[in-house]
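Undergrad: Contents are compact mmCIF, C-alpha atoms and all ligand atoms; file name start-v9.txt:
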```txt
# COMPACT_ATOMS: atom_id res chain seq x y z
CA MET C 26 -35.45 23.22 -6.91
CA SER C 27 -33.24 25.03 -9.46
CA THR C 28 -31.29 23.15 -12.13
CA THR C 29 -27.98 23.94 -10.40
CA GLU C 30 -29.14 22.50 -7.07
CA SER C 31 -30.07 19.17 -8.66
CA TYR C 32 -26.40 18.48 -9.56
CA PRO C 33 -24.59 16.32 -6.98
CA ARG C 34 -21.99 18.34 -5.07
CA PRO C 35 -18.41 17.07 -4.93
CA LEU C 36 -16.93 16.39 -1.51
CA LYS C 37 -13.83 18.30 -0.38
CA ILE C 38 -11.38 15.61 0.73
CA THR C 39 -7.98 16.14 2.37
CA ILE C 40 -5.27 13.50 2.05
CA VAL C 41 -2.48 13.78 4.60
CA GLY C 42 0.80 12.18 3.50
CA ALA C 43 0.08 11.36 -0.11
CA GLY C 44 2.29 8.31 -0.66
CA ILE C 45 1.28 5.23 -2.61
CA GLY C 46 -2.08 4.77 -0.86
CA GLY C 47 -2.88 8.47 -0.72
CA LEU C 48 -2.09 9.06 -4.39
CA THR C 49 -4.24 6.06 -5.33
CA ALA C 50 -7.10 7.44 -3.25
CA ALA C 51 -6.63 10.89 -4.81
CA ALA C 52 -6.69 9.54 -8.37
CA ALA C 53 -9.71 7.34 -7.68
CA LEU C 54 -11.61 10.09 -5.83
CA ARG C 55 -10.99 12.44 -8.77
CA ILE C 56 -12.53 9.83 -11.06
CA GLU C 57 -15.62 10.03 -8.81
CA GLY C 58 -15.59 13.81 -9.30
CA HIS C 59 -14.49 15.04 -5.86
CA GLU C 60 -12.22 17.94 -4.94
CA ILE C 61 -8.95 16.73 -3.43
CA PHE C 62 -6.48 18.58 -1.23
CA GLU C 63 -3.27 16.66 -0.68
CA THR C 64 0.22 17.06 0.77
CA PRO C 65 2.38 15.57 -1.99
CA SER C 66 5.20 14.15 0.13
CA MET C 67 6.59 11.55 -2.31
CA ASN C 68 9.23 14.06 -3.47
CA LYS C 69 11.13 13.48 -0.21
CA GLU C 70 11.58 9.78 -0.86
CA ILE C 71 14.62 8.17 -2.41
CA GLY C 72 14.13 6.05 -5.50
CA ALA C 73 13.18 2.45 -4.80
CA SER C 74 11.57 -0.18 -6.95
CA ILE C 75 8.58 -2.17 -5.77
CA THR C 76 6.92 -5.28 -7.07
CA LEU C 77 3.18 -5.17 -7.66
CA ALA C 78 1.02 -8.27 -8.02
CA ASP C 79 -2.15 -8.50 -10.12
CA ASN C 80 -4.45 -7.31 -7.33
CA ALA C 81 -2.62 -3.94 -7.40
CA LEU C 82 -2.15 -3.85 -11.19
CA ARG C 83 -5.92 -4.37 -11.61
CA VAL C 84 -6.49 -1.15 -9.64
CA LEU C 85 -3.81 0.78 -11.55
CA ASN C 86 -5.45 -0.36 -14.76
CA TYR C 87 -8.79 0.99 -13.47
CA LEU C 88 -7.04 4.31 -12.74
CA GLY C 89 -5.82 4.46 -16.33
CA PHE C 90 -2.15 3.55 -15.93
CA ASP C 91 -0.34 1.85 -18.78
CA ILE C 92 0.25 -1.51 -17.11
CA GLU C 93 2.31 -3.00 -19.95
CA HIS C 94 4.69 -0.04 -19.67
CA LEU C 95 4.91 -0.50 -15.89
CA LYS C 96 5.66 -4.20 -16.30
CA ALA C 97 8.43 -3.49 -18.78
CA GLY C 98 10.71 -1.79 -16.23
CA ASP C 99 14.30 -3.05 -16.24
CA TYR C 100 15.41 -1.73 -12.86
CA LEU C 101 17.92 -3.95 -11.11
CA GLY C 102 17.92 -3.39 -7.37
CA VAL C 103 19.08 -5.16 -4.24
CA ALA C 104 16.93 -5.11 -1.10
CA TRP C 105 18.66 -5.97 2.15
CA PHE C 106 16.45 -6.63 5.17
CA ASP C 107 18.26 -6.75 8.51
CA SER C 108 16.59 -7.95 11.73
CA LYS C 109 18.51 -5.54 13.99
CA GLY C 110 17.08 -2.18 15.09
CA GLY C 111 18.68 1.11 14.15
CA GLU C 112 18.59 4.78 15.01
CA ASP C 113 17.26 6.11 11.73
CA TRP C 114 14.46 4.96 9.45
CA ASN C 115 16.58 5.37 6.39
CA LEU C 116 20.30 5.39 7.14
CA LEU C 117 23.07 5.81 4.57
CA VAL C 118 25.67 3.04 5.06
CA THR C 119 28.83 2.02 3.24
CA LYS C 120 28.76 -0.62 0.51
CA GLU C 121 30.91 -2.87 2.72
CA GLU C 122 28.20 -3.28 5.38
CA PRO C 123 25.79 -5.45 3.39
CA VAL C 124 28.77 -7.33 1.93
CA ARG C 125 29.89 -8.19 5.50
CA ALA C 126 26.33 -9.13 6.54
CA PHE C 127 26.08 -11.62 3.66
CA GLU C 128 29.66 -12.93 3.61
CA ASP C 129 28.54 -16.52 4.31
CA PHE C 130 26.13 -16.52 1.34
CA ASP C 131 26.97 -18.27 -1.92
CA ALA C 132 29.07 -16.21 -4.35
CA GLN C 133 26.26 -16.19 -6.93
CA PHE C 134 24.32 -13.95 -4.50
CA THR C 135 27.17 -11.87 -3.06
CA ALA C 136 28.27 -11.08 -6.64
CA LEU C 137 25.19 -8.82 -6.83
CA PHE C 138 26.84 -6.35 -4.45
CA ALA C 139 29.60 -5.71 -6.97
CA LEU C 140 26.89 -4.17 -9.19
CA VAL C 141 25.97 -1.53 -6.61
CA ASP C 142 27.23 1.85 -7.81
CA GLY C 143 24.91 4.23 -5.94
CA PRO C 144 24.32 5.07 -2.28
CA VAL C 145 23.31 2.18 0.02
CA HIS C 146 20.39 2.83 2.36
CA LEU C 147 19.59 0.80 5.45
CA TRP C 148 15.81 0.82 5.86
CA GLN C 149 14.03 -0.18 9.03
CA ILE C 150 11.26 -2.70 8.47
CA ARG C 151 8.54 -2.75 11.11
CA SER C 152 5.18 -4.38 11.46
CA LEU C 153 2.15 -2.75 13.09
CA LEU C 154 0.04 -4.50 15.73
CA PRO C 155 -3.68 -4.53 14.82
CA LEU C 156 -5.29 -1.18 15.66
CA PRO C 157 -8.66 -1.08 17.45
CA THR C 158 -10.10 1.02 14.64
CA TRP C 159 -9.07 2.68 11.36
CA ILE C 160 -11.85 5.26 11.36
CA ASN C 161 -13.04 8.21 13.39
CA GLY C 162 -16.00 10.24 12.17
CA ARG C 163 -15.11 11.47 8.67
CA ALA C 164 -11.41 10.47 8.95
CA ALA C 165 -9.84 7.14 8.01
CA LEU C 166 -6.40 5.56 7.99
CA ILE C 167 -5.22 3.82 4.84
CA GLY C 168 -2.05 1.97 3.84
CA ASP C 169 0.93 1.50 6.12
CA ALA C 170 -0.57 3.87 8.70
CA ALA C 171 -3.28 1.23 9.22
CA HIS C 172 -1.36 -1.98 8.54
CA ALA C 173 2.41 -1.56 8.07
CA THR C 174 3.76 -4.98 7.20
CA PHE C 175 6.95 -6.96 6.73
CA PRO C 176 7.80 -7.31 3.02
CA THR C 177 7.62 -11.13 3.20
CA ILE C 178 4.82 -11.56 0.69
CA GLY C 179 5.39 -8.25 -1.14
CA GLN C 180 1.92 -6.84 -0.52
CA GLY C 181 2.45 -3.59 1.44
CA ALA C 182 1.95 -1.25 -1.49
CA ALA C 183 -0.76 -3.43 -3.00
CA MET C 184 -2.83 -3.27 0.19
CA SER C 185 -2.43 0.53 0.26
CA ILE C 186 -3.59 0.72 -3.35
CA GLU C 187 -6.59 -1.52 -2.58
CA ASP C 188 -7.46 0.68 0.44
CA GLY C 189 -7.26 3.90 -1.59
CA VAL C 190 -9.51 2.71 -4.39
CA THR C 191 -11.98 1.08 -1.97
CA ILE C 192 -12.58 4.35 -0.14
CA ALA C 193 -13.12 6.16 -3.43
CA CYS C 194 -15.58 3.59 -4.77
CA LEU C 195 -17.58 3.83 -1.53
CA LEU C 196 -17.85 7.62 -1.90
CA PRO C 197 -19.40 8.14 -5.34
CA LEU C 198 -20.37 11.65 -6.40
CA GLY C 199 -23.56 12.53 -4.55
CA THR C 200 -22.41 11.15 -1.21
CA THR C 201 -23.28 13.64 1.52
CA ARG C 202 -21.16 14.68 4.53
CA GLU C 203 -23.62 12.87 6.78
CA GLN C 204 -23.20 9.61 4.85
CA ILE C 205 -19.39 9.60 5.14
CA PRO C 206 -19.02 7.94 8.58
CA GLY C 207 -21.23 5.04 7.45
CA ARG C 208 -19.24 4.63 4.23
CA LEU C 209 -15.98 4.63 6.19
CA TYR C 210 -17.43 1.97 8.46
CA THR C 211 -18.07 -0.11 5.34
CA TYR C 212 -14.49 0.62 4.19
CA GLN C 213 -13.17 -0.69 7.49
CA THR C 214 -15.38 -3.78 7.29
CA LEU C 215 -14.10 -4.56 3.79
CA ARG C 216 -10.42 -3.81 4.43
CA LYS C 217 -9.34 -4.38 8.04
CA GLU C 218 -9.45 -8.17 8.16
CA ARG C 219 -7.64 -8.47 4.80
CA GLY C 220 -4.96 -5.92 5.67
CA GLU C 221 -4.32 -7.52 9.03
CA PHE C 222 -4.18 -10.97 7.43
CA VAL C 223 -1.29 -9.76 5.27
CA VAL C 224 0.48 -8.23 8.29
CA ARG C 225 0.07 -11.39 10.38
CA GLU C 226 1.15 -13.79 7.63
CA SER C 227 4.11 -11.61 6.63
CA LEU C 228 5.32 -11.65 10.22
CA GLU C 229 4.60 -15.30 11.02
CA GLN C 230 6.19 -16.52 7.80
CA VAL C 231 9.42 -15.01 9.13
CA THR C 232 9.13 -15.79 12.84
CA ILE C 233 7.49 -19.26 12.82
CA PRO C 234 9.92 -21.76 11.23
CA SER C 235 7.18 -24.15 10.02
CA LYS C 236 5.52 -21.27 8.11
CA ARG C 237 8.65 -20.05 6.28
CA GLY C 238 7.96 -19.73 2.57
CA LEU C 239 4.31 -20.73 3.08
CA TYR C 240 3.02 -18.05 0.71
CA SER C 241 5.01 -19.41 -2.21
CA ARG C 242 3.81 -22.96 -1.40
CA SER C 243 0.14 -22.09 -0.92
CA PRO C 244 -1.91 -21.64 -4.10
CA GLU C 245 -4.96 -20.92 -1.90
CA MET C 246 -3.24 -18.01 -0.20
CA GLN C 247 -1.95 -16.67 -3.51
CA VAL C 248 -5.42 -16.83 -5.05
CA PHE C 249 -6.91 -15.08 -2.00
CA ILE C 250 -4.38 -12.26 -2.29
CA VAL C 251 -3.81 -11.87 -6.01
CA ASN C 252 -7.27 -12.56 -7.45
CA HIS C 253 -8.89 -9.87 -5.31
CA ASP C 254 -10.65 -7.16 -7.31
CA ALA C 255 -10.94 -4.22 -4.91
CA VAL C 256 -13.02 -2.06 -7.28
CA ARG C 257 -15.57 -4.82 -7.89
CA VAL C 258 -15.83 -5.74 -4.21
CA ALA C 259 -16.34 -2.12 -3.14
CA ARG C 260 -18.91 -1.43 -5.85
CA GLU C 261 -20.86 -4.63 -5.15
CA ASN C 262 -20.88 -3.80 -1.47
CA LEU C 263 -22.04 -0.27 -2.12
CA ALA C 264 -24.87 -1.54 -4.31
CA VAL C 265 -26.02 -4.26 -1.91
CA HIS C 266 -25.51 -2.83 1.57
CA VAL C 267 -25.49 0.93 1.27
CA THR C 268 -28.32 3.24 0.37
CA ILE C 269 -26.87 6.05 -1.71
C1 LIG C 301 12.69 -0.91 0.73
C2 LIG C 301 11.21 -1.20 0.58
C3 LIG C 301 10.77 -2.04 -0.44
C4 LIG C 301 9.41 -2.31 -0.58
N1 LIG C 301 9.02 -3.15 -1.58
C5 LIG C 301 7.71 -3.40 -1.76
C6 LIG C 301 7.29 -4.24 -2.82
O1 LIG C 301 8.09 -4.74 -3.60
N2 LIG C 301 5.95 -4.46 -2.97
C7 LIG C 301 5.04 -3.91 -2.12
O2 LIG C 301 3.82 -4.14 -2.31
N3 LIG C 301 5.40 -3.10 -1.10
C8 LIG C 301 6.72 -2.84 -0.90
N4 LIG C 301 7.12 -2.02 0.12
C9 LIG C 301 6.11 -1.47 1.01
C10 LIG C 301 5.43 -0.27 0.38
O3 LIG C 301 6.39 0.67 -0.06
C11 LIG C 301 4.51 0.37 1.40
O4 LIG C 301 3.65 -0.61 1.94
C12 LIG C 301 3.69 1.47 0.76
O5 LIG C 301 4.53 2.52 0.32
C13 LIG C 301 2.67 2.02 1.73
O6 LIG C 301 1.98 3.06 1.13
P1 LIG C 301 1.43 4.23 2.01
O7 LIG C 301 0.74 5.16 1.10
O8 LIG C 301 0.66 3.69 3.16
O9 LIG C 301 2.70 4.89 2.66
P2 LIG C 301 3.86 5.67 1.91
O10 LIG C 301 3.94 5.29 0.48
O11 LIG C 301 5.07 5.47 2.77
O12 LIG C 301 3.38 7.18 1.98
C14 LIG C 301 3.22 7.86 3.19
C15 LIG C 301 3.61 9.30 2.93
O13 LIG C 301 3.27 10.05 4.09
C16 LIG C 301 4.30 10.98 4.34
N5 LIG C 301 4.21 11.31 5.75
C17 LIG C 301 4.67 10.61 6.80
N6 LIG C 301 4.40 11.24 7.94
C18 LIG C 301 3.71 12.36 7.61
C19 LIG C 301 3.15 13.43 8.35
N7 LIG C 301 3.20 13.43 9.68
N8 LIG C 301 2.53 14.41 7.67
C20 LIG C 301 2.43 14.41 6.33
N9 LIG C 301 2.97 13.43 5.56
C21 LIG C 301 3.60 12.43 6.21
C22 LIG C 301 5.57 10.26 3.93
O14 LIG C 301 6.58 11.18 3.58
C23 LIG C 301 5.11 9.46 2.70
O15 LIG C 301 5.32 10.13 1.50
C24 LIG C 301 8.47 -1.74 0.31
C25 LIG C 301 8.90 -0.88 1.32
C26 LIG C 301 10.26 -0.62 1.47
C27 LIG C 301 10.72 0.29 2.57
```
Translate the structure of the given file into structure tokens.
Ligand SMILES: Cc1cc2nc3c(=O)[nH]c(=O)nc-3n(C[C@H](O)[C@H](O)[C@H](O)COP(=O)(O)OP(=O)(O)OC[C@H]3O[C@@H](n4cnc5c(N)ncnc54)[C@H](O)[C@@H]3O)c2cc1C
TA:
Amino acid sequence: MSTTESYPRPLKITIVGAGIGGLTAAAALRIEGHEIFETPSMNKEIGASITLADNALRVLNYLGFDIEHLKAGDYLGVAWFDSKGGEDWNLLVTKEEPVRAFEDFDAQFTALFALVDGPVHLWQIRSLLPLPTWINGRAALIGDAAHATFPTIGQGAAMSIEDGVTIACLLPLGTTREQIPGRLYTYQTLRKERGEFVVRESLEQVTIPSKRGLYSRSPEMQVFIVNHDAVRVARENLAVHVTI
């Protein structure tokens, strides 16, 4: 065997729809040394702020982001979630519409609308029923495509970030094409139950009156969500259950 042949070969990986999950996967797969092809579609999105809990920040830290800088953001935004359906996923509406929708709220909350000086977008929020599978051969779904969720416990982006880094950690440099389906099966085993737990709880804590606000009252649930270390879990699983 020549010297060149003994080097592990990078995989060529295509990411379709590189949003939050896809960009996380791309960054983490590059750390592993793979060659990434992606469709960078984030430039079509309008600006929106999201909140990230420690389980997501832990991953961003692993990817080399400056977490303190991220935490220091001073963006003031208003999110308005309406239960009615609409025609468009992201509809421009007048400033008066949310004001009307919240007219019976206390003035300390409605006063926020006076601060709005940009366009107002009406976003549709939908939740995905559990899918039979997230994987097919050498392809896998990550993020909202696998487990789109209500924003109730603020974990949609975090779950996408956890998915993206999990896949990457399960495909270290040296992984062969033939090994990929097995690694994706492990990805699904590690991620599906957790992602669907977030979807189910986010929905039920809106639709079942006795569960409203449960996440903020349940230290156990918070620990389960926020203390998760996706990189560690993936690496431990790779070491214990998978033969590289
Ligand atoms: C208003 C709002 C506020 C939110 N706030 C929070 C929050 O505070 N905290 C939180 O954790 N989560 C929040 N979320 C949820 C979070 O944004 C999503 O869960 C997260 O973006 C999902 O990441 P993703 O990579 O799966 O999908 P996305 O980030 O949506 O990326 C998917 C990408 O795929 C592209 N795409 C779609 N179809 C195709 C196609 N056919 N071909 C190619 N590309 C395609 C899209 O343009 C997009 O860029 C919020 C969502 C909304 C709408």
Undergrad: Kindly compile the residues surrounding ligand LIG 301 (chain C) within 6 Å, counting only C-alpha atoms and all ligand atoms, and format them as an NGL selection string.
TA: :C and (41-47 or 66-67 or 75-77 or 168-170 or 179-183 or 185)
Undergrad: Find the distance between atom CA of C:Arg163 and atom CA of C:Leu209 and write it in Å to one decimal.
TA: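 Pair atom CA of C:Arg163 / atom CA of C:Leu209 returns 7.3 Å.
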Undergrad: Counting only C-alpha atoms, note down every residue that has an atom within 6 Å of the point (-5.4, 1.4, -6.2) (file coordinates), as a list in words.
TA: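 Protein, DNA and RNA residues close to (-5.4, 1.4, -6.2): Thr49, Val84, Leu85, Ile186, Glu187, Gly189 and Val190 of chain C.
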Undergrad: Go through C:Leu166, C:Ala173, C:Ile178, C:Val256 and flag the residue nearest C:Asn86, using all atoms listed in the file for the distances.
TA: C:Val256
Undergrad: Please identify all polymer residues lying at most 6 Å from the point (-7.8, -0.7, 5.6) (file coordinates), using all atoms listed in the file, and present the result as a list in words.
TA: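 Collected hits near the coordinates: Ile167, Asp188, Gln213, Arg216, Lys217 and Gly220 of chain C.
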Undergrad: Produce a file of the selected residues containing C-alpha atoms, as a short mmCIF file (atom, residue, chain, number, x, y, z; two decimals), in the frame of the given file.
TA:
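Once everything was written out, this is selection-v8.cif:
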```cif
data_model
loop_
_atom_site.label_atom_id
_atom_site.label_comp_id
_atom_site.auth_asym_id
_atom_site.auth_seq_id
_atom_site.Cartn_x
_atom_site.Cartn_y
_atom_site.Cartn_z
CA ILE C 167 -5.22 3.82 4.84
CA ASP C 188 -7.46 0.68 0.44
CA GLN C 213 -13.17 -0.69 7.49
CA ARG C 216 -10.42 -3.81 4.43
CA LYS C 217 -9.34 -4.38 8.04
CA GLY C 220 -4.96 -5.92 5.67
#
```
Undergrad: Find the spatial neighbours of stretch 258-261 of chain C, counting all atoms listed in the file, within a cut-off of 12 Å - ignore same-chain residues fewer than 4 positions away - and output them as a PyMOL selection string.
TA: chain C and resi 80+84+187-197+208-209+211-216+252-254+265-267+269
Undergrad: Find the residues around C:Ala139 up to 12 Å (all atoms listed in the file counted), leave out those fewer than 4 positions away in its own chain, and share them as a list in words.
TA: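 My reading of the contact set: Gly102, Val103, Lys120, Glu121, Pro123, Val124, Ala132, Gln133, Phe134, Thr135 and Gly143 of chain C.
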Undergrad: Which one of C:Asn262, C:Thr200, C:Ser235, C:Gln230 sits closest to C:His59 if you count only C-alpha atoms?
TA: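 Distance minimum relative to C:His59 lands on C:Thr200.
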Undergrad: Atom CA of C:Met246 and atom CA of C:Arg219 are how many Å apart?
TA: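 We find that atom CA of C:Met246 and atom CA of C:Arg219 lie 11.6 Å from each other.
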Undergrad: Quick one: everything within 12 Å of C:Glu122, counting only C-alpha atoms, minus sequence neighbours fewer than 2 positions away in the same chain. Send it as a list in words.
TA: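 Those residues are Trp105, Asp107, Leu116, Leu117, Val118, Thr119, Lys120, Val124, Arg125, Ala126, Phe127, Glu128, Phe138, Pro144, Val145, His146 and Leu147 of chain C.
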Undergrad: Can you pull out the residues contacting C:Val224? Cut-off 7 Å, using all atoms listed in the file, and skip same-chain residues under 5 positions away; I want them as a ChimeraX atom specification.
TA: /C:152,172-175
Undergrad: Please save C-alpha atoms of the selected residues as a short mmCIF file (atom, residue, chain, number, x, y, z; two decimals), keeping the file's coordinate frame.
TA:
```cif
data_model
loop_
_atom_site.label_atom_id
_atom_site.label_comp_id
_atom_site.auth_asym_id
_atom_site.auth_seq_id
_atom_site.Cartn_x
_atom_site.Cartn_y
_atom_site.Cartn_z
CA SER C 152 5.18 -4.38 11.46
CA HIS C 172 -1.36 -1.98 8.54
CA ALA C 173 2.41 -1.56 8.07
CA THR C 174 3.76 -4.98 7.20
CA PHE C 175 6.95 -6.96 6.73
#
```
Undergrad: Can you work out the spacing between atom CA of C:Ile205 and atom CA of C:Phe62 in Å, to one decimal?
TA: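 A separation of 17.0 Å between them.
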Undergrad: Which is closest to C:Phe222 among C:Ala50, C:Leu154, C:Pro244, C:Gln149, if we use all atoms listed in the file?
TA: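 Result for the nearest residue to C:Phe222: C:Leu154.
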Undergrad: Could you check which of C:Ile56, C:Leu48, C:Ala81, C:Ile92 is closest to C:Ala255, using only C-alpha atoms?
TA: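 Checking each of C:Ile56, C:Leu48, C:Ala81, C:Ile92 against C:Ala255, counting only C-alpha atoms, the winner is C:Ala81.
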Undergrad: So that I can see what lies close to C:Leu198, please list as an MDAnalysis selection string the residues with an atom at most 12 Å from it, counting only C-alpha atoms and leaving out residues fewer than 6 positions away in the same chain.
TA: chainID C and resid 32:37 53:60 204:205 269
Undergrad: Taking all atoms of stretch 226-235 of chain C that appear in the file, build a box with edges along x, y and z, extend it by 6 Å on every side, and state its centre and edge lengths in Å to one decimal, as AutoDock Vina command-line options.
TA:
```
--center_x 5.5 --center_y -17.9 --center_z 9.7 --size_x 20.8 --size_y 24.5 --size_z 18.2
```
Undergrad: Which of these residues is nearest to C:Arg202, using all atoms listed in the file: C:Ala171, C:Arg242, C:Leu88, C:Ile38?
TA: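 Among the listed residues, the smallest separation from C:Arg202 belongs to C:Ile38.
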